[in-house]
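entry-v4.cif (mmCIF, C-alpha atoms)
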data_model
#
loop_
_atom_site.label_atom_id
_atom_site.label_comp_id
_atom_site.auth_asym_id
_atom_site.auth_seq_id
_atom_site.Cartn_x
_atom_site.Cartn_y
_atom_site.Cartn_z
CA MET A 1 74.43 138.41 127.01
CA GLU A 2 73.09 139.50 130.40
CA ALA A 3 75.24 141.24 132.99
CA ARG A 4 77.07 138.93 135.37
CA PRO A 5 74.94 138.07 138.40
CA LYS A 6 76.09 139.08 141.87
CA THR A 7 75.48 135.54 143.11
CA ILE A 8 76.25 132.31 141.27
CA TYR A 9 74.37 129.27 142.50
CA LEU A 10 76.30 126.00 142.30
CA PRO A 11 74.19 122.87 141.78
CA ASP A 12 74.74 119.97 144.19
CA THR A 13 75.89 117.32 141.74
CA MET A 14 77.18 114.71 144.17
CA THR A 15 74.08 113.87 146.23
CA ASN A 16 73.59 110.47 144.63
CA TRP A 17 77.24 109.51 144.12
CA PRO A 18 77.62 106.35 146.22
CA TRP A 19 81.35 106.56 146.94
CA PRO A 20 81.94 108.36 150.28
CA ARG A 21 84.71 110.75 151.26
CA ALA A 22 87.85 109.10 152.66
CA ILE A 23 91.33 110.41 153.38
CA ASN A 24 94.71 108.74 153.65
CA PRO A 25 95.86 108.41 157.30
CA HIS A 26 99.41 109.44 156.31
CA PHE A 27 98.23 112.80 154.95
CA GLU A 28 99.57 115.19 157.59
CA ALA A 29 103.03 113.65 157.87
CA VAL A 30 103.48 113.33 154.10
CA LYS A 31 102.25 116.87 153.49
CA VAL A 32 105.08 118.21 155.64
CA GLU A 33 107.65 116.20 153.67
CA ALA A 34 106.23 117.04 150.24
CA ASP A 35 105.92 120.75 151.02
CA ALA A 36 109.48 120.83 152.32
CA TRP A 37 110.68 119.24 149.06
CA LEU A 38 108.81 121.78 146.94
CA TYR A 39 109.76 124.88 148.93
CA GLY A 40 113.36 123.69 149.19
CA PHE A 41 113.96 124.76 145.59
CA LYS A 42 113.38 128.39 146.62
CA THR A 43 112.21 129.33 143.13
CA LEU A 44 108.63 130.33 143.88
CA SER A 45 107.51 133.91 144.35
CA PRO A 46 105.58 134.87 147.52
CA GLU A 47 102.44 135.10 145.39
CA SER A 48 102.97 131.59 144.03
CA LEU A 49 103.68 130.21 147.49
CA ASP A 50 100.44 131.71 148.76
CA ALA A 51 98.53 130.18 145.83
CA PHE A 52 100.15 126.79 146.44
CA ASP A 53 99.28 126.92 150.13
CA LYS A 54 95.65 127.65 149.29
CA CYS A 55 95.63 124.81 146.77
CA ASN A 56 96.78 122.26 149.39
CA ALA A 57 97.86 119.71 146.81
CA ALA A 58 98.71 117.02 149.36
CA TYR A 59 95.15 117.14 150.65
CA LEU A 60 93.76 116.41 147.19
CA VAL A 61 96.16 113.50 146.70
CA ALA A 62 95.27 112.10 150.14
CA LEU A 63 91.57 112.28 149.27
CA GLY A 64 92.19 110.77 145.84
CA HIS A 65 94.30 107.88 147.16
CA PRO A 66 93.00 107.12 150.66
CA THR A 67 94.34 103.57 150.91
CA VAL A 68 97.86 103.71 149.44
CA SER A 69 101.03 103.39 151.50
CA ARG A 70 102.96 106.33 152.87
CA GLU A 71 105.60 105.87 150.15
CA HIS A 72 103.02 105.89 147.37
CA LEU A 73 101.30 108.94 148.86
CA ARG A 74 104.63 110.81 149.02
CA ALA A 75 105.33 110.03 145.36
CA GLY A 76 101.83 111.17 144.44
CA CYS A 77 102.24 114.45 146.31
CA GLU A 78 105.44 115.21 144.40
CA VAL A 79 103.64 114.54 141.11
CA MET A 80 100.84 116.92 142.09
CA ASN A 81 103.36 119.56 143.15
CA MET A 82 105.08 119.20 139.79
CA GLN A 83 101.79 119.75 137.99
CA LEU A 84 101.22 122.90 140.02
CA VAL A 85 104.69 124.18 139.13
CA VAL A 86 104.19 123.36 135.44
CA ASP A 87 100.87 125.21 135.47
CA GLU A 88 102.38 128.16 137.31
CA VAL A 89 105.30 128.50 134.90
CA THR A 90 103.34 127.95 131.69
CA ASP A 91 100.41 130.17 132.73
CA SER A 92 102.66 133.19 132.28
CA SER A 93 104.41 131.84 129.17
CA THR A 94 103.83 132.29 125.47
CA GLY A 95 102.97 129.25 123.39
CA ALA A 96 106.61 128.96 122.34
CA GLY A 97 107.80 129.39 125.92
CA ALA A 98 105.39 126.73 127.17
CA ASN A 99 106.69 124.33 124.53
CA GLU A 100 110.26 124.92 125.72
CA ILE A 101 109.24 124.19 129.30
CA ALA A 102 107.39 121.06 128.17
CA ASP A 103 110.52 119.85 126.33
CA ILE A 104 112.63 120.27 129.48
CA VAL A 105 110.14 118.50 131.73
CA ILE A 106 109.60 115.65 129.27
CA ASP A 107 113.34 115.03 129.00
CA ALA A 108 113.69 114.95 132.79
CA LEU A 109 110.62 112.72 133.09
CA HIS A 110 112.09 110.17 130.68
CA ASN A 111 115.66 110.43 132.03
CA PRO A 112 115.56 110.63 135.85
CA HIS A 113 119.20 109.55 136.19
CA LYS A 114 120.56 112.14 133.75
CA THR A 115 122.30 115.21 135.20
CA ARG A 116 120.46 118.34 134.13
CA PRO A 117 122.35 120.90 132.00
CA GLU A 118 123.90 123.89 133.75
CA GLY A 119 121.75 126.98 133.42
CA GLU A 120 118.56 125.05 132.64
CA HIS A 121 115.28 126.14 134.23
CA ILE A 122 115.04 124.61 137.71
CA ILE A 123 111.85 122.81 136.68
CA GLY A 124 114.05 120.25 134.94
CA GLU A 125 115.79 119.23 138.16
CA MET A 126 112.48 119.21 140.00
CA MET A 127 110.98 116.81 137.48
CA ARG A 128 114.12 114.65 137.50
CA GLN A 129 113.87 114.16 141.26
CA CYS A 130 110.12 113.58 141.09
CA SER A 131 110.45 111.04 138.28
CA ALA A 132 113.19 109.16 140.12
CA ARG A 133 111.02 108.82 143.23
CA VAL A 134 107.97 107.76 141.24
CA MET A 135 109.89 105.14 139.25
CA GLN A 136 111.26 103.67 142.49
CA THR A 137 107.81 103.52 144.05
CA ILE A 138 105.01 102.62 141.63
CA SER A 139 104.41 99.19 140.09
CA MET A 140 106.27 98.11 136.96
CA THR A 141 103.10 98.01 134.87
CA CYS A 142 102.17 101.52 135.96
CA GLN A 143 105.55 103.08 135.14
CA HIS A 144 105.30 103.29 131.35
CA ARG A 145 101.66 104.43 131.59
CA PHE A 146 102.66 107.24 133.93
CA ILE A 147 105.44 108.40 131.59
CA ASP A 148 103.16 108.25 128.56
CA ILE A 149 100.22 110.10 130.12
CA PHE A 150 102.39 112.74 131.83
CA THR A 151 104.00 113.45 128.46
CA ILE A 152 100.55 113.85 126.89
CA TYR A 153 99.60 116.21 129.73
CA LEU A 154 102.68 118.37 129.16
CA ARG A 155 102.02 118.69 125.42
CA ALA A 156 98.39 119.60 126.14
CA VAL A 157 99.49 122.32 128.57
CA ALA A 158 101.62 123.82 125.80
CA VAL A 159 98.60 123.78 123.47
CA GLU A 160 96.60 125.49 126.21
CA ALA A 161 99.16 128.29 126.27
CA ILE A 162 98.56 128.84 122.55
CA ASP A 163 94.79 128.83 123.19
CA ARG A 164 95.36 131.46 125.88
CA GLU A 165 97.32 133.68 123.48
CA GLN A 166 94.53 133.44 120.92
CA ARG A 167 91.70 133.36 123.51
CA HIS A 168 90.48 130.30 121.66
CA CYS A 169 87.23 128.83 122.98
CA ARG A 170 86.60 125.23 121.92
CA SER A 171 83.34 123.42 121.17
CA ILE A 172 81.82 121.36 124.00
CA ASP A 173 83.09 118.04 122.60
CA ASN A 174 86.58 119.42 121.95
CA HIS A 175 86.61 121.05 125.38
CA PHE A 176 86.11 117.70 127.10
CA LYS A 177 88.70 115.95 124.93
CA HIS A 178 91.31 118.65 125.56
CA ARG A 179 90.58 118.97 129.28
CA ARG A 180 91.09 115.25 129.85
CA GLU A 181 94.68 115.84 128.82
CA SER A 182 95.45 119.43 129.86
CA SER A 183 93.93 119.24 133.36
CA GLY A 184 96.24 116.39 134.31
CA ILE A 185 93.39 114.27 135.65
CA LEU A 186 94.30 111.31 133.42
CA VAL A 187 97.66 111.23 135.21
CA TRP A 188 95.80 110.59 138.45
CA LEU A 189 93.52 107.99 136.96
CA VAL A 190 96.61 106.12 135.78
CA LEU A 191 98.04 106.39 139.30
CA CYS A 192 94.94 104.69 140.69
CA GLY A 193 96.89 101.61 139.62
CA MET A 194 100.19 102.70 141.16
CA ASP A 195 100.22 99.89 143.70
CA MET A 196 98.91 97.07 141.48
CA ASP A 197 100.07 95.11 138.46
CA LEU A 198 97.12 95.57 136.12
CA PRO A 199 97.94 93.94 132.75
CA ASP A 200 98.04 96.14 129.65
CA GLU A 201 95.29 94.14 127.96
CA VAL A 202 93.05 95.04 130.88
CA PHE A 203 94.08 98.65 131.42
CA TYR A 204 93.76 99.54 127.73
CA HIS A 205 90.56 97.55 127.15
CA PRO A 206 87.87 99.83 125.61
CA ALA A 207 85.50 99.21 128.53
CA ILE A 208 88.13 100.36 131.05
CA ALA A 209 89.20 103.33 128.91
CA TYR A 210 85.53 104.36 128.66
CA MET A 211 85.26 104.41 132.46
CA ALA A 212 88.37 106.58 132.73
CA ASP A 213 86.94 109.07 130.21
CA CYS A 214 83.65 109.21 132.14
CA THR A 215 85.56 109.85 135.34
CA ALA A 216 87.65 112.62 133.79
CA ASP A 217 84.55 114.29 132.34
CA LEU A 218 82.68 114.14 135.66
CA ILE A 219 85.61 115.84 137.36
CA THR A 220 85.81 118.44 134.59
CA VAL A 221 82.14 119.35 134.99
CA ASP A 222 82.43 119.77 138.76
CA ASN A 223 85.73 121.64 138.57
CA ASP A 224 84.55 124.03 135.86
CA MET A 225 81.40 124.86 137.80
CA ASN A 226 83.24 125.35 141.09
CA SER A 227 86.07 127.40 139.57
CA TYR A 228 83.98 129.52 137.19
CA ASN A 229 83.69 132.60 139.39
CA ARG A 230 87.44 132.66 140.01
CA GLU A 231 88.18 132.23 136.31
CA GLN A 232 85.72 134.82 135.03
CA THR A 233 87.13 137.29 137.56
CA SER A 234 90.68 136.65 136.29
CA GLY A 235 89.65 136.66 132.62
CA THR A 236 90.55 133.01 131.98
CA ASP A 237 86.99 131.72 131.70
CA TYR A 238 87.36 131.10 127.94
CA ASN A 239 88.77 127.72 129.03
CA SER A 240 85.75 126.92 131.23
CA LEU A 241 82.94 124.55 130.31
CA ILE A 242 80.47 127.16 131.58
CA THR A 243 81.67 129.75 129.06
CA VAL A 244 81.73 127.14 126.29
CA VAL A 245 78.12 126.16 127.03
CA MET A 246 77.00 129.80 127.26
CA LEU A 247 78.46 130.54 123.84
CA GLU A 248 77.33 127.32 122.14
CA PHE A 249 73.73 127.46 123.38
CA GLY A 250 73.25 131.19 124.01
CA LEU A 251 72.62 130.68 127.73
CA ASP A 252 73.27 132.89 130.74
CA ILE A 253 75.41 131.70 133.65
CA GLY A 254 72.48 130.10 135.49
CA GLY A 255 71.37 128.29 132.35
CA ALA A 256 74.89 127.01 131.68
CA MET A 257 75.19 125.80 135.28
CA GLY A 258 71.90 123.95 134.83
CA TRP A 259 73.12 122.37 131.60
CA ALA A 260 76.34 121.27 133.29
CA ALA A 261 74.47 119.75 136.23
CA ALA A 262 72.17 117.81 133.89
CA TYR A 263 75.16 116.58 131.90
CA HIS A 264 76.81 115.50 135.15
CA THR A 265 73.76 113.35 135.88
CA LYS A 266 74.06 111.74 132.42
CA LEU A 267 77.74 111.03 133.03
CA GLU A 268 76.95 109.45 136.40
CA LYS A 269 74.54 107.07 134.68
CA ARG A 270 77.10 106.26 131.99
CA PHE A 271 79.61 105.40 134.69
CA THR A 272 77.29 103.18 136.73
CA ASP A 273 75.94 101.51 133.59
CA GLY A 274 79.52 100.95 132.44
CA LEU A 275 80.33 99.01 135.61
CA ALA A 276 77.86 96.36 134.55
CA LYS A 277 79.62 95.95 131.18
CA ILE A 278 83.13 95.28 132.47
CA PRO A 279 84.42 91.91 131.19
CA SER A 280 85.90 89.25 133.43
CA TRP A 281 89.58 88.34 133.24
CA GLY A 282 89.49 85.71 135.97
CA PRO A 283 89.06 86.00 139.77
CA SER A 284 92.50 87.38 140.68
CA THR A 285 92.48 90.06 137.96
CA ASP A 286 88.83 90.93 138.56
CA ILE A 287 89.69 91.87 142.15
CA LEU A 288 92.29 94.34 140.84
CA VAL A 289 89.84 95.70 138.26
CA LYS A 290 87.23 96.38 140.94
CA GLU A 291 89.83 98.11 143.09
CA TYR A 292 90.96 100.21 140.14
CA LEU A 293 87.41 101.22 139.16
CA ASP A 294 86.59 102.08 142.78
CA GLY A 295 89.69 104.29 142.68
CA LEU A 296 88.35 106.12 139.62
CA ALA A 297 84.97 106.65 141.28
CA ASN A 298 86.62 107.85 144.47
CA TRP A 299 88.50 110.54 142.52
CA VAL A 300 85.17 112.12 141.53
CA ARG A 301 84.27 112.42 145.21
CA ALA A 302 87.78 113.52 146.18
CA SER A 303 87.93 116.34 143.64
CA ASP A 304 84.53 117.67 144.68
CA CYS A 305 85.36 117.58 148.41
CA TRP A 306 88.70 119.28 147.79
CA SER A 307 87.02 122.08 145.82
CA TYR A 308 84.82 122.99 148.77
CA ASP A 309 87.38 122.45 151.52
CA ILE A 310 90.23 124.64 150.22
CA GLN A 311 90.50 128.41 149.78
CA ARG A 312 91.41 128.37 146.09
CA PHE A 313 87.93 128.98 144.69
#
The structure given in the file should be rewritten as structure tokens.
Amino acid sequence: MEARPKTIYLPDTMTNWPWPRAINPHFEAVKVEADAWLYGFKTLSPESLDAFDKCNAAYLVALGHPTVSREHLRAGCEVMNMQLVVDEVTDSSTGAGANEIADIVIDALHNPHKTRPEGEHIIGEMMRQCSARVMQTISMTCQHRFIDIFTIYLRAVAVEAIDREQRHCRSIDNHFKHRRESSGILVWLVLCGMDMDLPDEVFYHPAIAYMADCTADLITVDNDMNSYNREQTSGTDYNSLITVVMLEFGLDIGGAMGWAAAYHTKLEKRFTDGLAKIPSWGPSTDILVKEYLDGLANWVRASDCWSYDIQRF
């Protein structure tokens, strides 16, 4: 394989994506509150605090949910902060250690009114408080979906820790399947319905689930392209789509970027074609479905804008 190039050219994948950038008007005020909550636990190292500041989680949530209320935005920011803490803690853990952390967080997620055991990792209390706020804020139909998908995310993060120990590089298909869960993006696609009562028979319909998978994969492609240089510098690029494509097809970095950009275009078409295949459930429900699907599409734009606006990459 050729030596790493001094310059990596990132394709512009979002030129034809019709959903524009938008940001929640409550962003600045809620960011102050959410950051104060996170930093109030005083458990983060200076290095972690610096990384969190560069990540600007509240900004991503405000881009991803530009129309929700202040209360919903605050709950969303706490969820994103929890994901950052989970990633931070498990990134330096063994597979067994990551599983222990996942067990603690899952218990707190499912039991927000249960006092945490003395001596437990502080992440348990953080998740308990976060879960309590979320359960008080999001719609009834969204609550069980959030618990289910956040649990799946936590288990996938533990699997990722085992992959990291073994430096396991998945196939392209398996990479996408695993990243839908381990990246946490499915949590956010569920939360696109946080302020609506979308029936289960609609939310879990194959046509809607297909759109969510397309959305997650679009975000994965963009994220893995934008973050590749950072990850290959830190030695964690085995978990990047770019590395997976290079290994599977024998390509250099430029060739893998080109493959990813072309695949992004295919996914865009799948998404827009999928919109035309959404069934009708009656006028009142169809309005909610359109709002939900617009929320999915907006997350693709939000993630891309966030990647270029922050200092993380």
>> Could you list, as a PyMOL selection string, every residue matched by the PyMOL selection byres ((chain A and resi 86) around 12) in this structure?
In response: chain A and resi 44+48+79-85+87-93+97-106+121-124+126-127+150+153-158+161+182-184
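Candidate residues A:Gln129, A:Ser284, A:Thr220, A:Asn239 were compared for distance to Phe41 (chain A), and the nearest is A:Gln129, using only C-alpha atoms.
Residue nearest Glu125 (chain A) within the list A:Ala108, A:Met257, A:Ile242, A:Ile138: A:Ala108 [criterion: smallest interatomic distance, only C-alpha atoms].
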> Which polymer residues have any atom within 12 Å of an atom of Met225 (chain A), counting all atoms listed in the file, with same-chain residues fewer than 5 positions away left out, as a PyMOL selection string?
Replying inline: chain A and resi 8-13+218-220+230-232+237+239-245+253-261+263-264+304+307-308+313
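Applied to the shown file, the PyMOL selection byres ((chain A and resi 136) around 12) selects the residues Glu71, His72, Arg74, Ala75, Pro112, His113, Gln129, Cys130, Ser131, Ala132, Arg133, Val134, Met135, Thr137, Ile138, Ser139, Met140, Cys142, Gln143, Met194 and Asp195 of chain A.
Going from CA of Trp17 (chain A) to CA of Asp213 (chain A) covers 17.0 Å.
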